[in-house]
>>> print(open('start35.txt').read())   # compact mmCIF, C-alpha atoms and all ligand atoms
# COMPACT_ATOMS: atom_id res chain seq x y z
CA MET K 9 -4.67 -22.45 4.07
CA GLU K 10 -6.41 -25.66 3.32
CA GLY K 11 -9.23 -25.29 0.84
CA LEU K 12 -8.03 -21.92 -0.42
CA ASP K 13 -7.14 -21.58 -4.08
CA LEU K 14 -4.55 -18.81 -4.22
CA GLN K 15 -4.76 -18.51 -7.99
CA GLU K 16 -8.51 -17.95 -7.75
CA LEU K 17 -8.09 -15.47 -4.89
CA HIS K 18 -5.42 -13.62 -6.86
CA SER K 19 -7.54 -13.14 -9.94
CA PHE K 20 -10.64 -12.34 -7.87
CA ALA K 21 -8.69 -9.62 -5.99
CA ALA K 22 -7.49 -8.26 -9.36
CA THR K 23 -11.04 -8.23 -10.77
CA LEU K 24 -12.37 -6.43 -7.68
CA ALA K 25 -9.61 -3.82 -7.81
CA ILE K 26 -10.21 -3.14 -11.51
CA ASP K 27 -14.01 -3.00 -11.20
CA ALA K 28 -13.79 -0.63 -8.24
CA GLY K 29 -11.00 1.37 -9.93
CA SER K 30 -13.13 1.72 -13.06
CA TYR K 31 -15.82 3.23 -10.87
CA LEU K 32 -13.26 5.67 -9.36
CA ARG K 33 -12.20 6.64 -12.85
CA GLU K 34 -15.81 7.18 -14.02
CA GLN K 35 -16.45 9.38 -11.01
CA ALA K 36 -13.29 11.41 -11.65
CA LEU K 37 -14.35 11.83 -15.30
CA ALA K 38 -17.88 12.82 -14.29
CA ARG K 39 -16.38 15.38 -11.94
CA ALA K 40 -14.13 16.74 -14.64
CA SER K 41 -17.04 17.06 -17.05
CA ARG K 42 -17.85 20.70 -17.76
CA ASN K 43 -21.51 19.80 -18.36
CA PRO K 44 -23.90 19.75 -15.43
CA VAL K 45 -26.06 16.60 -15.13
CA ASN K 46 -29.77 17.52 -14.62
CA GLY K 47 -28.64 21.11 -14.07
CA GLN K 48 -26.33 20.07 -11.20
CA HIS K 49 -22.55 20.03 -11.08
CA TYR K 50 -20.85 16.94 -9.61
CA ASP K 51 -20.78 16.92 -5.79
CA LEU K 52 -18.24 14.71 -3.97
CA GLU K 53 -20.27 15.07 -0.74
CA LEU K 54 -17.07 15.68 1.15
CA GLU K 55 -16.97 14.94 4.89
CA ILE K 56 -14.21 15.45 7.45
CA LYS K 57 -13.34 12.48 9.71
CA GLU K 58 -10.70 13.05 12.46
CA ASN K 59 -9.42 16.40 11.09
CA SER K 60 -9.39 18.36 7.84
CA SER K 61 -6.67 16.11 6.35
CA ASP K 62 -8.83 13.02 6.94
CA LEU K 63 -11.50 13.06 4.26
CA LEU K 64 -14.42 10.94 3.20
CA THR K 65 -16.36 11.24 -0.05
CA LYS K 66 -19.41 9.50 -1.42
CA VAL K 67 -17.00 7.74 -3.79
CA ASP K 68 -15.14 6.00 -0.90
CA LEU K 69 -18.46 4.77 0.50
CA HIS K 70 -19.94 3.55 -2.76
CA CYS K 71 -16.68 1.90 -3.78
CA GLU K 72 -16.44 -0.02 -0.49
CA ALA K 73 -20.06 -1.18 -0.84
CA LEU K 74 -19.29 -2.36 -4.37
CA ILE K 75 -16.27 -4.41 -3.26
CA SER K 76 -17.90 -5.83 -0.11
CA GLY K 77 -21.02 -6.83 -2.05
CA ALA K 78 -18.95 -8.75 -4.60
CA ILE K 79 -16.96 -10.55 -1.87
CA GLN K 80 -20.11 -11.50 0.06
CA LYS K 81 -21.60 -12.95 -3.12
CA ARG K 82 -18.54 -14.98 -4.10
CA PHE K 83 -17.15 -15.94 -0.66
CA PRO K 84 -20.04 -15.65 1.83
CA ASP K 85 -17.92 -17.33 4.57
CA HIS K 86 -15.04 -14.86 4.38
CA LYS K 87 -14.78 -11.89 6.72
CA ILE K 88 -14.31 -8.32 5.48
CA ILE K 89 -12.55 -5.34 7.05
CA GLY K 90 -12.99 -2.15 5.03
CA GLU K 91 -11.66 1.29 5.86
CA GLU K 92 -14.99 3.06 5.79
CA SER K 93 -17.11 0.49 7.64
CA TYR K 94 -14.32 0.25 10.26
CA SER K 95 -14.13 4.05 10.62
CA ALA K 96 -17.90 4.27 11.01
CA GLY K 97 -17.91 1.51 13.67
CA GLN K 98 -17.45 2.02 17.41
CA ASP K 99 -14.70 -0.53 18.09
CA LYS K 100 -11.26 0.63 16.96
CA ARG K 101 -9.25 -2.38 18.21
CA PHE K 102 -7.38 -4.53 15.71
CA LEU K 103 -10.29 -6.74 14.72
CA LEU K 104 -8.47 -9.22 12.51
CA THR K 105 -8.75 -12.90 13.46
CA ASP K 106 -7.07 -15.98 11.96
CA ASP K 107 -10.10 -16.50 9.68
CA PRO K 108 -9.86 -15.85 5.94
CA THR K 109 -10.44 -12.09 5.75
CA TRP K 110 -10.48 -9.48 3.01
CA ILE K 111 -8.94 -6.17 4.03
CA ILE K 112 -9.89 -3.40 1.65
CA ASP K 113 -9.23 0.26 1.11
CA PRO K 114 -11.77 1.34 -1.50
CA LEU K 115 -9.86 4.56 -2.14
CA ASP K 116 -6.34 4.90 -0.79
CA GLY K 117 -5.24 8.48 -1.24
CA THR K 118 -8.64 10.10 -0.74
CA VAL K 119 -7.00 13.53 -0.41
CA ASN K 120 -5.27 12.96 -3.76
CA PHE K 121 -8.55 11.90 -5.35
CA VAL K 122 -10.23 15.06 -4.06
CA HIS K 123 -7.44 17.15 -5.62
CA LEU K 124 -7.27 14.91 -8.72
CA PHE K 125 -3.63 14.18 -7.93
CA PRO K 126 -3.04 10.86 -9.72
CA THR K 127 -1.55 8.67 -6.97
CA CYS K 128 -4.77 7.19 -5.64
CA CYS K 129 -5.88 3.59 -5.93
CA VAL K 130 -8.05 0.71 -4.81
CA SER K 131 -6.34 -1.78 -2.51
CA VAL K 132 -7.76 -5.27 -2.00
CA GLY K 133 -5.86 -7.61 0.30
CA PHE K 134 -6.63 -11.10 1.57
CA CYS K 135 -5.28 -12.56 4.84
CA VAL K 136 -5.24 -15.89 6.58
CA ASN K 137 -3.85 -16.32 10.11
CA LYS K 138 -3.37 -12.51 10.08
CA LYS K 139 -0.90 -12.85 7.21
CA PRO K 140 -1.48 -11.26 3.78
CA VAL K 141 -1.47 -14.00 1.13
CA ALA K 142 -3.06 -12.33 -1.91
CA GLY K 143 -3.68 -8.78 -3.01
CA ALA K 144 -4.25 -6.36 -5.84
CA ILE K 145 -3.81 -2.61 -6.16
CA PHE K 146 -5.24 -0.69 -9.09
CA ALA K 147 -4.38 2.92 -9.81
CA PRO K 148 -6.78 4.15 -12.51
CA LEU K 149 -5.67 7.79 -12.83
CA LEU K 150 -1.91 7.40 -13.21
CA ASN K 151 -1.99 7.99 -16.95
CA GLY K 152 -4.18 11.07 -16.81
CA LEU K 153 -7.90 11.64 -16.96
CA HIS K 154 -9.04 10.72 -20.46
CA ALA K 155 -12.32 9.23 -21.57
CA THR K 156 -10.74 7.39 -24.51
CA ASN K 157 -7.59 5.34 -25.07
CA ALA K 158 -6.86 5.53 -21.38
CA SER K 159 -5.08 2.96 -19.27
CA GLY K 160 -4.28 2.17 -15.68
CA SER K 161 -1.82 -0.02 -13.79
CA LEU K 162 -2.68 -3.17 -11.87
CA TYR K 163 -0.19 -4.52 -9.32
CA SER K 164 -0.94 -7.88 -7.75
CA ALA K 165 0.53 -10.91 -6.01
CA ALA K 166 -0.28 -14.13 -4.22
CA GLU K 167 1.85 -16.29 -1.96
CA GLY K 168 4.17 -18.46 -4.05
CA LEU K 169 2.74 -17.09 -7.31
CA GLY K 170 4.92 -14.00 -7.69
CA SER K 171 4.30 -10.29 -7.86
CA TRP K 172 3.09 -8.72 -11.11
CA SER K 173 2.47 -5.48 -12.95
CA THR K 174 -0.26 -5.56 -15.61
CA PRO K 175 -1.35 -2.75 -17.96
CA ILE K 176 -5.12 -2.31 -18.08
CA SER K 177 -6.88 -0.40 -20.88
CA PHE K 178 -10.33 1.13 -20.95
CA PRO K 179 -12.83 -0.01 -21.96
CA PHE K 180 -11.69 -2.98 -19.85
CA ASP K 181 -11.55 -6.40 -21.47
CA PRO K 182 -11.88 -9.04 -18.69
CA SER K 183 -10.04 -11.63 -20.81
CA VAL K 184 -6.83 -9.72 -19.88
CA LEU K 185 -7.14 -11.38 -16.45
CA THR K 186 -6.55 -14.88 -17.81
CA PRO K 187 -3.16 -16.54 -18.32
CA PRO K 188 -1.62 -15.88 -21.75
CA PRO K 189 -1.34 -19.05 -23.88
CA THR K 190 2.45 -18.85 -24.02
CA SER K 191 3.02 -18.82 -20.27
CA SER K 192 2.74 -22.54 -19.53
CA SER K 193 6.52 -23.03 -19.19
CA ALA K 194 7.17 -19.88 -17.11
CA SER K 195 7.81 -20.36 -13.41
CA PRO K 196 5.82 -19.06 -11.62
CA PRO K 197 3.27 -19.03 -14.45
CA VAL K 198 2.35 -15.61 -15.83
CA PRO K 199 -1.14 -14.98 -14.36
CA PHE K 200 -2.55 -12.38 -16.78
CA HIS K 201 -2.10 -11.19 -20.37
CA HIS K 202 0.80 -8.70 -20.61
CA ALA K 203 1.74 -9.15 -16.91
CA VAL K 204 5.43 -8.62 -16.15
CA PRO K 205 7.09 -9.81 -12.94
CA LEU K 206 8.24 -7.43 -10.20
CA PRO K 207 10.77 -6.04 -9.58
CA TYR K 208 11.13 -4.59 -13.07
CA LEU K 209 14.94 -4.80 -13.05
CA ALA K 210 16.91 -7.78 -11.84
CA PRO K 211 17.37 -7.13 -8.09
CA GLN K 212 20.29 -4.80 -7.42
CA PRO K 213 22.64 -4.95 -4.40
CA ILE K 214 21.97 -2.50 -1.59
CA PRO K 215 24.68 0.22 -1.61
CA ALA K 216 27.43 -0.37 0.95
CA ASP K 217 26.84 3.04 2.52
CA ALA K 218 23.01 2.91 2.38
CA PRO K 219 20.78 4.79 3.08
CA LYS K 220 23.14 7.06 1.12
CA GLY K 221 22.10 6.65 -2.50
CA CYS K 222 18.65 5.30 -1.67
CA LEU K 223 15.27 6.65 -2.74
CA PHE K 224 13.18 7.09 0.40
CA LEU K 225 9.39 7.33 0.67
CA ALA K 226 7.50 8.49 3.74
CA GLU K 227 4.11 10.04 4.38
CA TRP K 228 3.24 13.08 6.46
CA GLY K 229 0.03 11.34 7.56
CA LYS K 230 -2.98 12.76 9.28
CA ALA K 231 -1.69 13.34 12.86
CA ARG K 232 -0.87 17.05 12.84
CA SER K 233 -0.16 18.01 16.47
CA ASP K 234 2.68 20.50 16.59
CA ALA K 235 3.74 19.50 20.14
CA PRO K 236 7.48 18.69 20.57
CA SER K 237 6.67 15.07 21.47
CA SER K 238 4.03 14.53 18.79
CA ASN K 239 4.22 11.91 16.06
CA LEU K 240 4.39 14.68 13.46
CA THR K 241 7.45 16.22 15.14
CA LYS K 242 9.13 12.80 15.42
CA LYS K 243 8.36 12.03 11.78
CA VAL K 244 9.82 15.31 10.62
CA ASN K 245 12.98 14.74 12.70
CA THR K 246 13.33 11.28 11.16
CA LEU K 247 12.92 12.65 7.64
CA TRP K 248 15.46 15.35 8.44
CA ASN K 249 17.91 12.67 9.62
CA MET K 250 17.43 10.65 6.46
CA ALA K 251 17.96 13.65 4.18
CA ALA K 252 20.86 15.39 5.97
CA GLU K 253 24.47 15.08 4.81
CA ILE K 254 26.60 12.28 6.24
CA GLY K 255 28.06 13.53 9.52
CA GLY K 256 25.14 15.93 9.99
CA ARG K 257 22.47 15.64 12.68
CA GLY K 258 24.88 14.22 15.27
CA GLY K 259 25.94 11.36 12.98
CA LYS K 260 22.41 10.45 11.92
CA GLY K 261 22.56 12.16 8.51
CA GLY K 262 21.59 9.57 5.88
CA MET K 263 22.15 11.58 2.67
CA VAL K 264 19.47 9.65 0.79
CA HIS K 265 19.25 10.30 -2.97
CA GLY K 266 15.75 11.67 -2.65
CA MET K 267 12.66 11.78 -0.46
CA ARG K 268 9.11 11.41 -1.83
CA SER K 269 5.58 11.52 -0.40
CA LEU K 270 2.89 10.16 -2.71
CA GLY K 271 -0.14 10.33 -0.39
CA SER K 272 -1.00 6.65 -0.84
CA ALA K 273 0.69 4.05 1.36
CA ALA K 274 -0.57 1.29 -0.95
CA LEU K 275 1.18 2.82 -3.96
CA ASP K 276 4.26 3.56 -1.85
CA MET K 277 4.54 -0.18 -1.28
CA VAL K 278 4.01 -0.91 -4.96
CA TYR K 279 7.02 1.26 -5.86
CA VAL K 280 9.14 -0.64 -3.34
CA ALA K 281 8.07 -3.88 -5.04
CA THR K 282 8.95 -2.51 -8.48
CA GLY K 283 12.46 -1.78 -7.17
CA ALA K 284 12.18 1.95 -7.96
CA VAL K 285 12.10 2.87 -4.28
CA ASP K 286 14.55 1.42 -1.74
CA ILE K 287 12.79 2.32 1.52
CA PHE K 288 9.22 3.13 2.56
CA TRP K 289 8.97 4.20 6.20
CA GLU K 290 5.57 4.90 7.70
CA GLY K 291 3.68 5.29 10.94
CA GLY K 292 0.00 5.99 11.38
CA CYS K 293 -1.60 4.28 8.44
CA TRP K 294 -3.75 1.18 8.87
CA GLU K 295 -3.98 -2.44 7.82
CA TRP K 296 -6.15 -1.67 4.77
CA ASP K 297 -3.46 0.74 3.51
CA VAL K 298 -0.74 -1.95 3.60
CA CYS K 299 -2.36 -5.41 3.42
CA ALA K 300 -2.26 -5.87 -0.36
CA GLY K 301 1.03 -3.94 -0.58
CA THR K 302 2.68 -6.31 1.90
CA ILE K 303 2.18 -9.41 -0.23
CA ILE K 304 3.13 -7.48 -3.39
CA VAL K 305 6.43 -6.41 -1.74
CA THR K 306 7.25 -9.78 -0.19
CA GLU K 307 6.46 -11.82 -3.31
CA ALA K 308 8.77 -9.50 -5.25
CA GLY K 309 11.53 -10.38 -2.76
CA GLY K 310 11.26 -7.32 -0.51
CA ARG K 311 10.64 -7.17 3.24
CA VAL K 312 7.95 -5.52 5.38
CA VAL K 313 9.07 -5.13 9.00
CA PRO K 314 8.28 -2.80 11.93
CA SER K 315 9.20 0.85 11.28
CA GLN K 316 11.14 0.94 14.56
CA PRO K 317 12.98 -1.71 16.59
CA PRO K 318 10.40 -3.75 18.57
CA ALA K 319 11.01 -3.58 22.34
CA PHE K 320 11.23 -7.40 22.54
CA LEU K 321 14.01 -7.71 19.95
CA ARG K 322 17.39 -8.84 21.33
CA ASP K 323 20.77 -8.77 19.57
CA GLY K 324 21.00 -11.73 17.21
CA ASP K 325 17.21 -12.22 16.95
CA ALA K 326 15.77 -12.47 13.44
CA ILE K 327 13.97 -9.28 12.43
CA PRO K 328 10.24 -10.08 12.51
CA ASP K 329 7.68 -9.19 9.86
CA ALA K 330 5.54 -6.13 10.61
CA ASP K 331 2.44 -6.83 12.65
CA LEU K 332 -0.41 -5.98 10.27
CA GLY K 333 -2.35 -4.04 12.93
CA SER K 334 0.61 -2.15 14.37
CA ARG K 335 0.30 1.03 12.26
CA LEU K 336 4.12 0.98 11.97
CA TYR K 337 5.66 -0.30 8.73
CA LEU K 338 9.02 -0.31 6.98
CA ALA K 339 9.29 -1.80 3.50
CA ILE K 340 12.66 -2.58 1.92
CA ARG K 341 13.04 -3.38 -1.76
CA PRO K 342 14.09 -6.72 -3.27
CA CYS K 343 17.88 -6.93 -3.59
CA ALA K 344 20.66 -9.18 -4.83
CA SER K 345 23.23 -10.93 -2.68
CA THR K 346 26.91 -10.09 -3.16
CA GLU K 347 30.14 -11.91 -2.29
CA LYS K 348 30.03 -10.16 1.08
CA GLU K 349 26.42 -10.69 2.15
CA THR K 350 23.21 -12.49 1.31
CA ALA K 351 20.17 -10.51 0.20
CA THR K 352 18.62 -10.96 3.66
CA GLU K 353 21.78 -9.70 5.36
CA ALA K 354 21.81 -6.65 3.09
CA GLN K 355 18.14 -5.93 3.83
CA ASN K 356 18.78 -6.37 7.57
CA ARG K 357 21.68 -3.91 7.32
CA LEU K 358 19.43 -1.32 5.68
CA ILE K 359 16.60 -1.92 8.18
CA LYS K 360 19.03 -1.25 11.05
CA GLU K 361 20.38 1.88 9.34
CA VAL K 362 16.81 3.21 9.09
CA TRP K 363 16.01 2.24 12.69
CA ARG K 364 19.16 4.06 13.86
CA ARG K 365 17.83 7.28 12.35
CA CYS K 366 14.16 7.05 13.25
CA GLU K 367 12.44 8.55 16.28
CA ASN K 368 10.05 6.05 17.82
CA LEU K 369 6.42 6.77 16.97
CA ASP K 370 3.44 6.04 19.12
CA TYR K 371 0.19 5.51 17.24
CA VAL K 372 -2.63 4.10 19.31
CA ARG K 373 -5.82 2.31 18.46
CA SER K 374 -8.63 3.77 20.50
CA LYS K 375 -11.02 1.31 22.17
C1 LIG Y 401 -4.01 7.37 3.74
C2 LIG Y 401 -2.86 7.29 2.77
C3 LIG Y 401 -1.70 8.15 3.25
C4 LIG Y 401 -1.25 7.79 4.66
C5 LIG Y 401 -2.44 7.84 5.61
C6 LIG Y 401 -3.54 6.92 5.09
P1 LIG Y 401 -6.55 7.05 2.89
O1 LIG Y 401 -5.06 6.53 3.32
O2 LIG Y 401 -2.42 5.97 2.60
O3 LIG Y 401 -0.60 7.98 2.41
O4 LIG Y 401 -0.30 8.73 5.09
O5 LIG Y 401 -2.02 7.43 6.90
O6 LIG Y 401 -4.61 6.92 6.00
O7 LIG Y 401 -7.18 7.61 4.11
O8 LIG Y 401 -6.37 8.05 1.81
O9 LIG Y 401 -7.23 5.81 2.43
>>> encode(input="start35.txt", output="C-alpha cells")
Amino acid sequence: MEGLDLQELHSFAATLAIDAGSYLREQALARASRNPVNGQHYDLELEIKENSSDLLTKVDLHCEALISGAIQKRFPDHKIIGEESYSAGQDKRFLLTDDPTWIIDPLDGTVNFVHLFPTCCVSVGFCVNKKPVAGAIFAPLLNGLHATNASGSLYSAAEGLGSWSTPISFPFDPSVLTPPPTSSSASPPVPFHHAVPLPYLAPQPIPADAPKGCLFLAEWGKARSDAPSSNLTKKVNTLWNMAAEIGGRGGKGGMVHGMRSLGSAALDMVYVATGAVDIFWEGGCWEWDVCAGTIIVTEAGGRVVPSQPPAFLRDGDAIPDADLGSRLYLAIRPCASTEKETATEAQNRLIKEVWRRCENLDYVRSK
C-alpha cells in the first residue's frame, strides 16, 4: 500500500458517499413533491434487469456517473468497478485485480428506494490487493424524508484507523469531515466532527448457546426460482433452521432472537459493525454490496468470512476471510473475550454454528 494515504482515502470515500447520498435525497424529495415540474410528475425511468426484483432507475445511473467522475478527477490512476457499469458490460467475471480499485454501489437497496423504504444507501469501497482497506456508507433517508432539519448517517472506516458513525445534517457542512480539535490524544484519532467509534457498546461476549439469543440478518435476494434445489429454496431452509426452536429441524434449530431483512447488504453489514446485529448471512449479492461494509465490520472488530465452509478447509485450519468476488458472505459482530475463550475463538464458534445450519448455495458469475 505504498504511496496510499489511508486518511485521505477515508475522507474522500466519506465525501463521495455524502455527495452522492445528497443527490439520492434530493431525488427522493423531488419525487415526493406534489407539484409537477414543467407540468410533468417525477419519473424514475424504471427498468428491469434480470427479473422484476432487479431494478434500475435513472437515479442509480446518474449517481454512479457522479461518483466515478469525482474519482477519475482526483485519482486518475485508480480503477473503478461500479454496479451499473458492470451490469451493463458483457464480461461478468470477477474483474478485480491487485491494483488500487474503487468498488461502488451508487444505490444499494434500489427496490427500497423505489418504494421509499428508508434502508437504502450509497456504498463506496476502496481495495488494494483485492482487500478492502477504506470505505464509507451513507444512508440519507433513515430519518425520514424532510426538506428541512433533516439528517442522515455516515458509516466509514479505513485500515488501522477504526470504524466510525457520524451524524450528517442537511444542508451539509463539509467542515464536519475534518478532525475535531479535541481529538489529538484519541487513539485512533477521531476522523470527523461528532464521529463516534463502532461498535456503539463495548464489545459483548457471544452467548454460550449462540445462535440462540442472536439477532440474525439475511436477504431474500433476487434469485427467485422455486425449484427444490434452487438458491431460494436453500436460503429459506437455512432461515427456517436458524429460527426454529432448539431440537427442531433435526437438531438444526437455532432459536435466534429475531430475523431481519433490510434489503441493503451494505446496511446489513453496518448494523453488524455497530454491534446491534450478531450475524449477517448472505449469498447472491456482489462485491459492490459488501466492499465498504467489509472494512467497516473488520475495523470495528468483527469478521467477514465465507457464508458456508469452503471445500478446501480442513479441521484445524484458520477460517479465511471471505473472497470479495465469491457472492457468499457471513459477517459476525465484534465481541469480547471471556475467561473461557478469546474473541476470535468465540467468533469461530459462532461461524461454525451458522455453517452447521446453512444449506450450501451456488451463485455463479456468468462469463
Ligand atoms: C441488493 C441489496 C440486497 C441484496 C441483493 C443486492 P442493489 O443490492 O443489497 O439486499 O439481497 O443481492 O443486489 O441491487 O439494491 O444495489
>>> closest_residue(input="start35.txt", among="K:Gly301, K:Val119, K:Lys360, K:Ser131", to="Asp323 of chain K", atoms="all atoms listed in the file")
K:Lys360
>>> residues_near_ligand(input="start35.txt", ligand="ligand LIG 401 (chain Y)", cutoff="8 Å", atoms="all atoms listed in the file", output="VMD selection string")
chain K and resid 62 to 63 91 113 to 120 128 226 to 230 269 to 274 276 290 to 294 296 to 297
>>> residues_around(input="start35.txt", residues="Ser76 of chain K", least_positions_apart="2", cutoff="12 Å", atoms="all atoms listed in the file", output="count of residues only")
32
>>> closest_residue(input="start35.txt", among="K:Trp363, K:Trp248, K:Tyr208, K:Tyr371", to="Ala308 of chain K", atoms="all atoms listed in the file")
K:Tyr208
>>> closest_residue(input="start35.txt", among="K:Asp325, K:Ala235, K:Ala351, K:Tyr163", to="His18 of chain K", atoms="all atoms listed in the file")
K:Tyr163
>>> closest_residue(input="start35.txt", among="K:Gln355, K:Asn137, K:Ser19, K:Ser164", to="Pro182 of chain K", atoms="all atoms listed in the file")
K:Ser19
>>> residues_around(input="start35.txt", residues="Leu149 of chain K", least_positions_apart="5", cutoff="10 Å", atoms="only C-alpha atoms", output="VMD selection string")
chain K and resid 29 to 30 32 to 33 36 to 37 121 124 to 129 154 158 to 161
>>> residues_around(input="start35.txt", residues="Thr302 of chain K", least_positions_apart="3", cutoff="9 Å", atoms="only C-alpha atoms", output="list in words")
Gly133, Pro140, Val141, Gly143, Ala274, Met277, Val278, Val298, Cys299, Val305, Thr306, Glu307, Gly310, Arg311, Val312, Leu332 and Ala339 of chain K
>>> residues_near_point(input="start35.txt", point="(16.8, 10.5, 1.7)", cutoff="9 Å", atoms="all atoms listed in the file", output="VMD selection string")
chain K and resid 219 to 225 247 to 252 262 to 268
>>> atom_distance(input="start35.txt", atom1="atom CA of Pro196 of chain K", atom2="atom CA of Gly168 of chain K")
7.8 Å
>>> closest_atom_pairs(input="start35.txt", of="segment 16-125 of chain K", to="segment 199-207 of chain K", cutoff="12 Å", atoms="only C-alpha atoms", output="tab-separated table")
residue	atom	partner	partner_atom	distance
K:Glu16	CA	K:Pro199	CA	10.3
K:Leu17	CA	K:Pro199	CA	11.8
K:His18	CA	K:Pro199	CA	8.7
K:Ser19	CA	K:Pro199	CA	8.0
K:Phe20	CA	K:Pro199	CA	11.8
K:Ala22	CA	K:Phe200	CA	9.8
K:Thr23	CA	K:Phe200	CA	11.2
>>> residues_around(input="start35.txt", residues="Ser238 of chain K", least_positions_apart="6", cutoff="9 Å", atoms="only C-alpha atoms", output="list of chain:residue names")
K:Ala231, K:Arg232, K:Leu369, K:Asp370
>>> closest_residue(input="start35.txt", among="K:Leu153, K:Ile254, K:Val45, K:Ile56", to="Arg365 of chain K", atoms="only C-alpha atoms")
K:Ile254
